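Below: input_27.tsv (TSV, C-alpha atoms)
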```
chain	number	residue	atom	x	y	z
A	1009	MET	CA	93.19	61.05	102.08
A	1010	VAL	CA	92.49	64.21	104.09
A	1011	THR	CA	90.38	66.95	102.54
A	1012	PHE	CA	90.65	70.36	104.14
A	1013	LEU	CA	87.31	72.15	103.98
A	1014	THR	CA	86.44	75.79	104.48
A	1015	SER	CA	83.82	78.39	103.58
A	1016	ILE	CA	84.19	82.07	102.84
A	1017	ARG	CA	81.62	84.55	104.08
A	1018	HIS	CA	79.31	86.35	101.70
A	1019	PRO	CA	80.99	89.56	100.41
A	1020	GLN	CA	78.10	91.67	101.70
A	1021	ASN	CA	78.73	90.44	105.26
A	1022	SER	CA	82.20	91.91	105.52
A	1023	ASN	CA	83.72	95.16	106.67
A	1024	ASN	CA	86.37	94.93	103.95
A	1025	PHE	CA	86.21	91.96	101.59
A	1026	ALA	CA	89.70	92.62	100.23
A	1027	ARG	CA	90.89	92.05	103.79
A	1028	VAL	CA	88.87	88.82	103.95
A	1029	GLU	CA	90.63	87.63	100.79
A	1030	ALA	CA	94.04	88.58	102.17
A	1031	LEU	CA	93.38	86.66	105.40
A	1032	PHE	CA	92.17	83.67	103.38
A	1033	GLU	CA	95.40	83.65	101.38
A	1034	ILE	CA	97.43	83.46	104.60
A	1035	SER	CA	95.19	80.63	105.82
A	1036	LEU	CA	95.37	78.72	102.53
A	1037	ARG	CA	99.17	78.98	102.38
A	1038	SER	CA	99.26	77.58	105.91
A	1039	VAL	CA	97.05	74.61	105.03
A	1040	CYS	CA	99.10	73.84	101.91
A	1041	SER	CA	102.37	73.75	103.89
A	1042	GLN	CA	101.62	70.22	105.16
A	1043	THR	CA	104.64	67.92	105.43
A	1044	ASP	CA	102.56	65.11	103.92
A	1045	PRO	CA	101.45	66.27	100.44
A	1046	ASN	CA	98.63	63.73	100.11
A	1047	PHE	CA	95.66	66.00	100.73
A	1048	THR	CA	93.12	68.16	98.92
A	1049	VAL	CA	91.40	71.44	99.79
A	1050	VAL	CA	87.81	72.39	98.97
A	1051	VAL	CA	86.84	76.05	99.35
A	1052	VAL	CA	83.15	77.02	99.20
A	1053	ALA	CA	82.36	80.62	98.34
A	1054	ASN	CA	79.94	82.87	96.50
A	1055	ASP	CA	82.77	83.76	94.12
A	1056	ILE	CA	86.37	82.65	93.65
A	1057	PRO	CA	88.60	84.80	95.91
A	1058	ARG	CA	91.14	87.08	94.26
A	1059	ILE	CA	94.42	85.94	95.78
A	1060	ASN	CA	98.03	85.52	94.64
A	1061	PHE	CA	98.36	81.85	95.51
A	1062	ARG	CA	97.62	78.77	93.46
A	1063	ASP	CA	97.94	75.09	94.29
A	1064	SER	CA	96.73	72.18	92.16
A	1065	ARG	CA	95.26	70.51	95.25
A	1066	VAL	CA	92.83	73.39	95.86
A	1067	THR	CA	89.32	73.24	94.38
A	1068	TYR	CA	86.75	76.04	94.53
A	1069	HIS	CA	83.07	75.19	94.78
A	1070	VAL	CA	80.99	78.27	93.93
A	1071	VAL	CA	77.46	78.53	95.35
A	1072	ASP	CA	74.69	81.08	94.88
A	1073	PHE	CA	73.49	81.05	98.48
A	1074	PRO	CA	71.90	84.37	99.47
A	1075	CYS	CA	73.49	86.95	101.71
A	1076	PRO	CA	72.84	85.82	105.33
A	1077	ASP	CA	71.77	89.28	106.45
A	1078	PRO	CA	71.75	92.14	103.91
A	1079	ARG	CA	71.15	94.69	106.68
A	1080	ARG	CA	74.39	94.13	108.56
A	1081	PRO	CA	78.10	93.70	107.67
A	1082	ALA	CA	80.57	91.42	109.49
A	1083	THR	CA	78.60	91.37	112.74
A	1084	THR	CA	75.56	89.60	111.29
A	1085	ASN	CA	73.48	87.67	113.83
A	1086	ILE	CA	74.73	84.24	114.90
A	1087	ARG	CA	71.73	82.33	113.52
A	1088	SER	CA	72.30	83.68	110.02
A	1089	LEU	CA	76.03	83.08	110.35
A	1090	VAL	CA	75.82	79.40	111.30
A	1091	ARG	CA	73.20	78.68	108.63
A	1092	ASP	CA	75.40	80.18	105.91
A	1093	LYS	CA	78.52	78.44	107.18
A	1094	GLY	CA	76.83	75.09	107.83
A	1095	THR	CA	75.18	74.85	104.41
A	1096	LYS	CA	78.35	75.92	102.63
A	1097	LEU	CA	80.43	73.31	104.45
A	1098	ILE	CA	77.93	70.57	103.63
A	1099	ALA	CA	77.99	71.66	99.98
A	1100	GLY	CA	81.77	71.39	100.21
A	1101	MET	CA	81.50	67.91	101.69
A	1102	LEU	CA	79.39	66.88	98.70
A	1103	ALA	CA	81.87	68.40	96.26
A	1104	ALA	CA	84.74	66.63	98.05
A	1105	ARG	CA	83.27	63.16	97.58
A	1106	ARG	CA	85.10	62.81	94.25
A	1107	PHE	CA	88.37	62.75	96.21
A	1108	ASN	CA	87.10	59.87	98.36
A	1109	PRO	CA	88.31	61.52	101.60
A	1110	ASP	CA	88.83	59.52	104.77
A	1111	TYR	CA	88.75	62.68	106.90
A	1112	PHE	CA	87.61	66.27	106.56
A	1113	ALA	CA	89.85	68.85	108.23
A	1114	ILE	CA	87.53	71.83	108.74
A	1115	PHE	CA	89.16	75.25	109.07
A	1116	ASP	CA	88.06	78.86	109.20
A	1117	ALA	CA	89.34	80.96	106.32
A	1118	ASP	CA	91.29	83.30	108.60
A	1119	ASP	CA	93.10	80.80	110.88
A	1120	VAL	CA	96.34	78.87	110.44
A	1121	VAL	CA	97.05	75.20	111.19
A	1122	SER	CA	100.00	72.99	112.00
A	1123	ARG	CA	101.87	71.46	109.07
A	1124	ARG	CA	101.80	68.08	110.89
A	1125	ILE	CA	98.05	67.39	110.73
A	1126	VAL	CA	97.89	65.31	107.55
A	1127	ARG	CA	100.90	63.15	108.41
A	1128	PHE	CA	99.52	62.42	111.87
A	1129	VAL	CA	96.01	61.56	110.62
A	1130	HIS	CA	97.39	59.28	107.91
A	1131	THR	CA	99.31	57.31	110.55
A	1132	HIS	CA	96.26	57.07	112.85
A	1133	SER	CA	93.53	56.37	110.31
A	1134	SER	CA	91.20	54.10	112.27
A	1135	GLU	CA	89.62	56.79	114.45
A	1136	SER	CA	86.25	58.54	114.26
A	1137	GLY	CA	88.07	61.83	114.14
A	1138	TRP	CA	90.23	64.32	115.96
A	1139	TYR	CA	89.80	67.69	117.61
A	1140	VAL	CA	92.23	70.40	118.70
A	1141	ASN	CA	92.28	70.77	122.46
A	1142	SER	CA	95.73	72.37	122.78
A	1143	GLY	CA	96.34	75.28	120.46
A	1144	ASN	CA	97.24	78.95	120.33
A	1145	VAL	CA	95.66	82.36	120.06
A	1146	VAL	CA	97.37	84.94	117.87
A	1147	ASN	CA	96.80	88.68	118.23
A	1148	THR	CA	97.38	89.98	114.70
A	1149	LYS	CA	97.63	93.59	115.89
A	1150	THR	CA	100.56	92.96	118.24
A	1151	TRP	CA	101.78	89.84	116.38
A	1152	THR	CA	101.99	87.86	119.60
A	1153	ILE	CA	100.95	84.31	120.48
A	1154	GLN	CA	99.50	82.70	123.60
A	1155	ARG	CA	98.84	79.04	124.38
A	1156	LYS	CA	95.20	78.09	124.88
A	1157	THR	CA	93.57	74.86	126.05
A	1158	GLY	CA	90.09	73.78	125.02
A	1159	LEU	CA	90.53	75.56	121.70
A	1160	TYR	CA	87.72	73.54	120.07
A	1161	ARG	CA	85.26	75.54	122.19
A	1162	TYR	CA	86.28	78.81	120.56
A	1163	CYS	CA	87.89	78.22	117.17
A	1164	GLY	CA	86.38	76.74	114.01
A	1165	SER	CA	89.68	75.29	112.79
A	1166	THR	CA	89.74	72.47	115.33
A	1167	LEU	CA	87.79	69.53	113.88
A	1168	VAL	CA	89.00	66.57	111.78
A	1169	PRO	CA	85.96	64.25	111.59
A	1170	ASN	CA	85.85	60.91	109.82
A	1171	ALA	CA	84.36	61.80	106.42
A	1172	PRO	CA	82.14	58.75	105.76
A	1173	GLN	CA	80.78	58.87	109.30
A	1174	LEU	CA	80.04	62.59	109.06
A	1175	LEU	CA	78.25	62.19	105.73
A	1176	ARG	CA	76.19	59.36	107.20
A	1177	LEU	CA	75.21	61.50	110.19
A	1178	ALA	CA	74.27	64.28	107.77
A	1179	ARG	CA	71.86	61.84	106.09
A	1180	ILE	CA	73.39	62.56	102.71
A	1181	ASP	CA	73.75	59.68	100.28
A	1182	ASP	CA	75.49	59.34	96.92
A	1183	SER	CA	72.39	60.41	95.00
A	1184	VAL	CA	72.62	64.00	96.26
A	1185	ASN	CA	74.26	66.37	93.79
A	1186	ALA	CA	76.95	68.80	94.93
A	1187	ASP	CA	75.03	71.70	93.32
A	1188	ILE	CA	72.11	71.26	95.72
A	1189	GLY	CA	70.52	74.47	96.99
A	1190	GLN	CA	70.73	75.85	100.49
A	1191	GLU	CA	67.12	75.09	101.45
A	1192	GLN	CA	67.44	71.54	100.11
A	1193	ILE	CA	70.51	70.96	102.26
A	1194	VAL	CA	68.61	71.98	105.39
A	1195	SER	CA	65.62	69.87	104.40
A	1196	LEU	CA	67.64	66.73	103.62
A	1197	SER	CA	69.74	66.93	106.76
A	1198	SER	CA	68.10	68.93	109.56
A	1199	PRO	CA	68.28	72.50	110.87
A	1200	GLU	CA	69.90	71.21	114.08
A	1201	PHE	CA	72.65	69.36	112.21
A	1202	VAL	CA	73.34	72.19	109.76
A	1203	ASP	CA	73.31	75.00	112.32
A	1204	HIS	CA	74.94	73.38	115.32
A	1205	VAL	CA	76.95	70.32	114.32
A	1206	ILE	CA	78.46	71.78	111.13
A	1207	GLY	CA	77.93	75.52	111.43
A	1208	ASN	CA	78.76	75.85	115.15
A	1209	HIS	CA	81.97	73.96	115.97
A	1210	PRO	CA	81.68	73.40	119.79
A	1211	TYR	CA	79.01	70.72	119.37
A	1212	MET	CA	80.50	68.22	116.91
A	1213	VAL	CA	82.57	66.24	119.42
A	1214	GLY	CA	79.56	65.77	121.71
A	1215	TYR	CA	77.29	64.93	118.79
A	1216	PHE	CA	79.69	62.25	117.58
A	1217	ALA	CA	79.89	60.83	121.13
A	1218	SER	CA	76.09	60.69	121.35
A	1219	HIS	CA	76.21	58.36	118.33
A	1220	GLY	CA	78.89	56.13	119.82
A	1221	LEU	CA	81.72	57.76	117.86
A	1222	ARG	CA	84.69	59.00	119.86
A	1223	MET	CA	86.78	61.85	118.49
A	1224	ARG	CA	90.20	62.13	120.12
A	1225	PRO	CA	92.39	65.16	120.86
A	1226	LEU	CA	95.33	65.79	118.57
A	1227	PRO	CA	98.46	65.37	120.73
A	1228	PHE	CA	100.10	68.64	119.68
A	1229	ARG	CA	99.19	72.30	119.30
A	1230	ALA	CA	97.54	71.99	115.93
A	1231	ALA	CA	95.85	75.35	115.24
A	1232	CYS	CA	96.21	79.08	115.78
A	1233	TRP	CA	93.05	81.10	116.30
A	1234	MET	CA	93.77	84.43	114.61
A	1235	LEU	CA	92.10	87.38	116.34
A	1236	GLU	CA	92.01	91.17	116.00
A	1237	THR	CA	91.90	90.85	112.21
A	1238	GLY	CA	89.11	93.39	111.77
A	1239	GLU	CA	86.84	90.66	110.36
A	1240	ASN	CA	86.41	88.37	113.38
A	1241	TYR	CA	82.98	87.42	114.66
A	1242	SER	CA	84.66	86.76	118.03
A	1243	ARG	CA	86.17	89.83	119.62
A	1244	GLY	CA	89.59	89.32	121.15
A	1245	LEU	CA	88.82	86.56	123.66
A	1246	GLY	CA	92.04	85.17	125.11
A	1247	ALA	CA	94.38	87.32	123.01
A	1248	ALA	CA	95.36	89.95	125.57
A	1249	TYR	CA	98.75	88.53	126.56
A	1250	GLY	CA	101.34	86.76	124.48
A	1251	ILE	CA	104.95	86.53	123.39
A	1252	PRO	CA	106.45	87.53	120.02
A	1253	ILE	CA	105.94	85.07	117.16
A	1254	SER	CA	109.20	83.35	116.26
A	1255	GLU	CA	110.53	81.85	113.04
A	1256	GLU	CA	109.87	78.41	114.53
A	1257	ILE	CA	106.18	79.22	115.02
A	1258	CYS	CA	105.93	80.64	111.49
A	1259	ARG	CA	107.47	77.46	110.10
A	1260	GLU	CA	105.23	75.15	112.17
A	1261	PHE	CA	102.06	76.92	111.03
A	1262	GLY	CA	103.09	77.93	107.52
A	1263	ILE	CA	102.69	81.62	108.29
A	1264	THR	CA	103.94	83.72	105.38
A	1265	GLY	CA	101.69	86.77	105.55
A	1266	ALA	CA	103.89	88.63	108.04
A	1267	PRO	CA	107.53	88.39	109.08
A	1268	PRO	CA	108.42	86.68	112.37
A	1269	ASN	CA	109.14	88.91	115.31
A	1270	ASN	CA	112.52	87.77	116.58
A	1271	ARG	CA	112.48	90.16	119.51
A	1272	ARG	CA	113.13	88.29	122.73
A	1273	ALA	CA	110.11	88.21	125.00
A	1274	SER	CA	110.45	90.32	128.11
A	1275	LEU	CA	110.16	88.76	131.56
A	1276	ALA	CA	106.77	90.39	132.04
A	1277	GLU	CA	105.53	88.99	128.72
A	1278	ARG	CA	106.70	85.49	129.59
A	1279	VAL	CA	105.08	85.64	133.03
A	1280	HIS	CA	101.79	86.91	131.59
A	1281	GLU	CA	101.82	84.24	128.89
A	1282	HIS	CA	102.48	81.45	131.40
A	1283	LEU	CA	99.72	82.74	133.67
A	1284	GLY	CA	97.31	83.00	130.77
A	1285	ALA	CA	98.15	79.47	129.63
A	1286	ALA	CA	97.66	78.14	133.18
A	1287	VAL	CA	94.29	79.87	133.55
A	1288	SER	CA	93.23	78.46	130.17
A	1289	SER	CA	94.24	74.93	131.17
A	1290	PHE	CA	92.36	75.19	134.45
A	1291	GLY	CA	89.27	76.59	132.75
A	1292	ALA	CA	89.25	73.84	130.14
A	1293	LEU	CA	89.64	71.14	132.81
A	1294	ARG	CA	86.82	72.63	134.89
A	1295	HIS	CA	84.58	72.79	131.83
A	1296	ARG	CA	85.29	69.15	130.95
A	1297	LEU	CA	84.59	67.96	134.51
A	1298	TRP	CA	81.39	69.97	134.90
A	1299	SER	CA	79.95	70.01	131.39
A	1300	GLY	CA	81.78	67.47	129.27
A	1301	PHE	CA	81.28	67.87	125.53
A	1302	PRO	CA	78.07	69.85	124.91
A	1303	LEU	CA	75.27	68.51	122.73
A	1304	PRO	CA	73.58	70.71	120.12
A	1305	PRO	CA	70.72	72.80	121.51
A	1306	SER	CA	67.19	72.00	120.43
A	1307	ASP	CA	65.72	74.76	118.30
```
Whole structure given in structure tokens:
Amino acid sequence: MVTFLTSIRHPQNSNNFARVEALFEISLRSVCSQTDPNFTVVVVANDIPRINFRDSRVTYHVVDFPCPDPRRPATTNIRSLVRDKGTKLIAGMLAARRFNPDYFAIFDADDVVSRRIVRFVHTHSSESGWYVNSGNVVNTKTWTIQRKTGLYRYCGSTLVPNAPQLLRLARIDDSVNADIGQEQIVSLSSPEFVDHVIGNHPYMVGYFASHGLRMRPLPFRAACWMLETGENYSRGLGAAYGIPISEEICREFGITGAPPNNRRASLAERVHEHLGAAVSSFGALRHRLWSGFPLPPSD
């Protein structure tokens, strides 16, 4: 069983929370378009989002965690962001235990994912987990898409860790209740684990490796990092050049929030996209050779 897991930001840390809810609906529809229906979804939020989509496999876990930074909207500081996200995801992991998941598929509530993830994981179920190396970046203003390598370094929808192994690393046993408070989560686990392994996606693969657990790359483009939404913490990285999004892409990623753009890409667009993809591949290779998978920083 795969359990998709996500958190929704506090309403006070948003430029437009109705927009956050609309983006989440697109993301949730994408997740629920899996070709293998044997999965569940756990959504952790301060309140149940108001959306026009229901699926019996989706469970909402409501928490009363405080606003990460009441002084600032969507651009709250990174330390507050990862603490809020990390503790919410761990609360979701606890709530998901009743489904007895073999894997958690963690996704950000404004991204979309391939419909093939669950089927692939169910046919390769002896691994310590998977990560998305090859993926895409979508510019939601121009509705264009560009291939990107090393996507796990940038996008939070790129990790499919083994659930029992992740819970063990979190130092959370069966006696811990899913309604645990935010401070208790940090105390039981550790600030490093909450903030950097769970709340800050680039470090999980390296952290698993440091414990003798090898996560492997998914062998297909399994996620789209959605940028220029107006609610992104990341600002447009890698989304400058792309080609129009086709019906095939919409079908692969369960995108229903906007119609496909069937306009044929111009020669200049195709050249720019190929160049961008090549630069991304080279950059990811150089990073792997020089740095490998980074370990969480010590606070």
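Closest to A:Leu1089 among A:Gly1250, A:Pro1227, A:Pro1076, A:Gly1220 is A:Pro1076, based on only C-alpha atoms.
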**OP:** Pick out the closest residue to A:Asn1185 from this set: A:Arg1294, A:His1209, A:Arg1106, A:Arg1224. Count all atoms listed in the file.
**Re:**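 Nearest to A:Asn1185: A:Arg1106.
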**OP:** Determine, counting all atoms listed in the file, which protein, DNA and RNA residues have an atom within 12 Å of an atom of stretch 1016-1022 of chain A; residues of the same chain fewer than 4 positions away are not included. Present the result as a PyMOL selection string.
**Re:** chain A and resi 1026-1033+1035-1036+1050-1057+1068-1085+1088-1097+1100+1115-1118+1237-1241
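You will find atom CA of A:Ser1133 at 18.0 Å from atom CA of A:Ala1217.
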Subject >> Closest of A:Phe1047, A:Trp1298, A:Trp1233, A:Tyr1211 to A:Ala1113 - atom-to-atom distances counting only C-alpha atoms >> reply: A:Phe1047
Subject >> Of the listed residues A:Tyr1162, A:Phe1261, A:Tyr1249, A:Phe1216, that which approaches A:Ala1276 most closely, counting all atoms listed in the file >> reply: A:Tyr1249
Subject >> Gap from atom CA of A:Pro1305 to atom CA of A:Tyr1215 - Å, one decimal >> reply: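 About the pair atom CA of A:Pro1305 and atom CA of A:Tyr1215: they are 10.6 Å apart.
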Original post:
What is the distance, in Å and to one decimal place, between atom CA of A:Pro1109 and atom CA of A:Val1010?
Top reply: 5.6 Å
Where is the centre and how long are the edges: axis-aligned box on stretch 1185-1195 of chain A, 6 Å on each side, Å to one decimal, as lines of an AutoDock Vina configuration file:
```
center_x = 71.3
center_y = 71.1
center_z = 99.4
size_x = 23.3
size_y = 21.5
size_z = 24.1
```
Please return stretch 1295-1306 of chain A, rebuilt to all heavy atoms, as a PDB file, in the coordinates of the input.
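out04.pdb, written as the output of this step:
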```
ATOM      1  N   HIS A1295      85.692  72.940 132.771  1.00  0.00           N
ATOM      2  CA  HIS A1295      84.580  72.790 131.830  1.00  0.00           C
ATOM      3  C   HIS A1295      84.349  71.329 131.500  1.00  0.00           C
ATOM      4  O   HIS A1295      83.215  70.860 131.446  1.00  0.00           O
ATOM      5  CB  HIS A1295      84.877  73.587 130.557  1.00  0.00           C
ATOM      6  CG  HIS A1295      83.786  73.528 129.540  1.00  0.00           C
ATOM      7  ND1 HIS A1295      83.716  72.555 128.559  1.00  0.00           N
ATOM      8  CD2 HIS A1295      82.684  74.317 129.351  1.00  0.00           C
ATOM      9  CE1 HIS A1295      82.651  72.746 127.818  1.00  0.00           C
ATOM     10  NE2 HIS A1295      82.014  73.797 128.268  1.00  0.00           N
ATOM     11  N   ARG A1296      85.428  70.572 131.273  1.00  0.00           N
ATOM     12  CA  ARG A1296      85.290  69.150 130.950  1.00  0.00           C
ATOM     13  C   ARG A1296      84.668  68.381 132.118  1.00  0.00           C
ATOM     14  O   ARG A1296      83.822  67.516 131.927  1.00  0.00           O
ATOM     15  CB  ARG A1296      86.657  68.559 130.609  1.00  0.00           C
ATOM     16  CG  ARG A1296      87.188  68.909 129.231  1.00  0.00           C
ATOM     17  CD  ARG A1296      86.425  68.196 128.124  1.00  0.00           C
ATOM     18  NE  ARG A1296      86.420  66.761 128.331  1.00  0.00           N
ATOM     19  CZ  ARG A1296      87.408  65.949 127.978  1.00  0.00           C
ATOM     20  NH1 ARG A1296      88.504  66.456 127.425  1.00  0.00           N
ATOM     21  NH2 ARG A1296      87.318  64.651 128.182  1.00  0.00           N
ATOM     22  N   LEU A1297      85.099  68.685 133.350  1.00  0.00           N
ATOM     23  CA  LEU A1297      84.590  67.960 134.510  1.00  0.00           C
ATOM     24  C   LEU A1297      83.129  68.298 134.791  1.00  0.00           C
ATOM     25  O   LEU A1297      82.342  67.428 135.187  1.00  0.00           O
ATOM     26  CB  LEU A1297      85.441  68.286 135.740  1.00  0.00           C
ATOM     27  CG  LEU A1297      86.887  67.756 135.715  1.00  0.00           C
ATOM     28  CD1 LEU A1297      87.642  68.247 136.932  1.00  0.00           C
ATOM     29  CD2 LEU A1297      86.899  66.221 135.651  1.00  0.00           C
ATOM     30  N   TRP A1298      82.744  69.542 134.584  1.00  0.00           N
ATOM     31  CA  TRP A1298      81.390  69.970 134.900  1.00  0.00           C
ATOM     32  C   TRP A1298      80.412  69.751 133.748  1.00  0.00           C
ATOM     33  O   TRP A1298      79.266  69.378 133.964  1.00  0.00           O
ATOM     34  CB  TRP A1298      81.379  71.452 135.282  1.00  0.00           C
ATOM     35  CG  TRP A1298      81.971  71.720 136.631  1.00  0.00           C
ATOM     36  CD1 TRP A1298      82.532  70.805 137.477  1.00  0.00           C
ATOM     37  CD2 TRP A1298      82.058  72.979 137.292  1.00  0.00           C
ATOM     38  NE1 TRP A1298      82.984  71.416 138.614  1.00  0.00           N
ATOM     39  CE2 TRP A1298      82.705  72.765 138.537  1.00  0.00           C
ATOM     40  CE3 TRP A1298      81.680  74.275 136.954  1.00  0.00           C
ATOM     41  CZ2 TRP A1298      82.961  73.784 139.431  1.00  0.00           C
ATOM     42  CZ3 TRP A1298      81.940  75.300 137.851  1.00  0.00           C
ATOM     43  CH2 TRP A1298      82.566  75.051 139.080  1.00  0.00           C
ATOM     44  N   SER A1299      80.875  69.994 132.529  1.00  0.00           N
ATOM     45  CA  SER A1299      79.950  70.010 131.390  1.00  0.00           C
ATOM     46  C   SER A1299      80.218  68.933 130.360  1.00  0.00           C
ATOM     47  O   SER A1299      79.321  68.588 129.586  1.00  0.00           O
ATOM     48  CB  SER A1299      79.998  71.392 130.701  1.00  0.00           C
ATOM     49  OG  SER A1299      79.746  72.427 131.622  1.00  0.00           O
ATOM     50  N   GLY A1300      81.439  68.421 130.307  1.00  0.00           N
ATOM     51  CA  GLY A1300      81.780  67.470 129.270  1.00  0.00           C
ATOM     52  C   GLY A1300      81.722  68.133 127.896  1.00  0.00           C
ATOM     53  O   GLY A1300      81.929  69.335 127.751  1.00  0.00           O
ATOM     54  N   PHE A1301      81.425  67.322 126.878  1.00  0.00           N
ATOM     55  CA  PHE A1301      81.280  67.870 125.530  1.00  0.00           C
ATOM     56  C   PHE A1301      79.812  68.201 125.313  1.00  0.00           C
ATOM     57  O   PHE A1301      78.951  67.321 125.392  1.00  0.00           O
ATOM     58  CB  PHE A1301      81.760  66.858 124.492  1.00  0.00           C
ATOM     59  CG  PHE A1301      83.236  66.591 124.566  1.00  0.00           C
ATOM     60  CD1 PHE A1301      83.709  65.369 125.023  1.00  0.00           C
ATOM     61  CD2 PHE A1301      84.146  67.551 124.165  1.00  0.00           C
ATOM     62  CE1 PHE A1301      85.055  65.116 125.085  1.00  0.00           C
ATOM     63  CE2 PHE A1301      85.514  67.309 124.225  1.00  0.00           C
ATOM     64  CZ  PHE A1301      85.977  66.095 124.693  1.00  0.00           C
ATOM     65  N   PRO A1302      79.483  69.460 125.026  1.00  0.00           N
ATOM     66  CA  PRO A1302      78.070  69.850 124.910  1.00  0.00           C
ATOM     67  C   PRO A1302      77.389  69.235 123.702  1.00  0.00           C
ATOM     68  O   PRO A1302      78.014  68.993 122.664  1.00  0.00           O
ATOM     69  CB  PRO A1302      78.149  71.377 124.794  1.00  0.00           C
ATOM     70  CG  PRO A1302      79.499  71.644 124.208  1.00  0.00           C
ATOM     71  CD  PRO A1302      80.405  70.586 124.785  1.00  0.00           C
ATOM     72  N   LEU A1303      76.111  68.977 123.837  1.00  0.00           N
ATOM     73  CA  LEU A1303      75.270  68.510 122.730  1.00  0.00           C
ATOM     74  C   LEU A1303      74.597  69.713 122.071  1.00  0.00           C
ATOM     75  O   LEU A1303      74.413  70.764 122.700  1.00  0.00           O
ATOM     76  CB  LEU A1303      74.222  67.544 123.238  1.00  0.00           C
ATOM     77  CG  LEU A1303      74.731  66.176 123.696  1.00  0.00           C
ATOM     78  CD1 LEU A1303      73.617  65.392 124.375  1.00  0.00           C
ATOM     79  CD2 LEU A1303      75.301  65.383 122.527  1.00  0.00           C
ATOM     80  N   PRO A1304      74.245  69.595 120.799  1.00  0.00           N
ATOM     81  CA  PRO A1304      73.580  70.710 120.120  1.00  0.00           C
ATOM     82  C   PRO A1304      72.289  71.093 120.831  1.00  0.00           C
ATOM     83  O   PRO A1304      71.544  70.220 121.300  1.00  0.00           O
ATOM     84  CB  PRO A1304      73.301  70.150 118.720  1.00  0.00           C
ATOM     85  CG  PRO A1304      74.250  69.032 118.551  1.00  0.00           C
ATOM     86  CD  PRO A1304      74.452  68.446 119.916  1.00  0.00           C
ATOM     87  N   PRO A1305      71.992  72.379 120.919  1.00  0.00           N
ATOM     88  CA  PRO A1305      70.720  72.800 121.510  1.00  0.00           C
ATOM     89  C   PRO A1305      69.556  72.427 120.616  1.00  0.00           C
ATOM     90  O   PRO A1305      69.698  72.296 119.404  1.00  0.00           O
ATOM     91  CB  PRO A1305      70.872  74.307 121.643  1.00  0.00           C
ATOM     92  CG  PRO A1305      71.863  74.669 120.581  1.00  0.00           C
ATOM     93  CD  PRO A1305      72.810  73.516 120.477  1.00  0.00           C
ATOM     94  N   SER A1306      68.406  72.257 121.203  1.00  0.00           N
ATOM     95  CA  SER A1306      67.190  72.000 120.430  1.00  0.00           C
ATOM     96  C   SER A1306      66.542  73.314 120.054  1.00  0.00           C
ATOM     97  O   SER A1306      66.264  74.151 120.914  1.00  0.00           O
ATOM     98  CB  SER A1306      66.214  71.155 121.256  1.00  0.00           C
ATOM     99  OG  SER A1306      66.785  69.906 121.570  1.00  0.00           O
TER     100      SER A1306
END
```
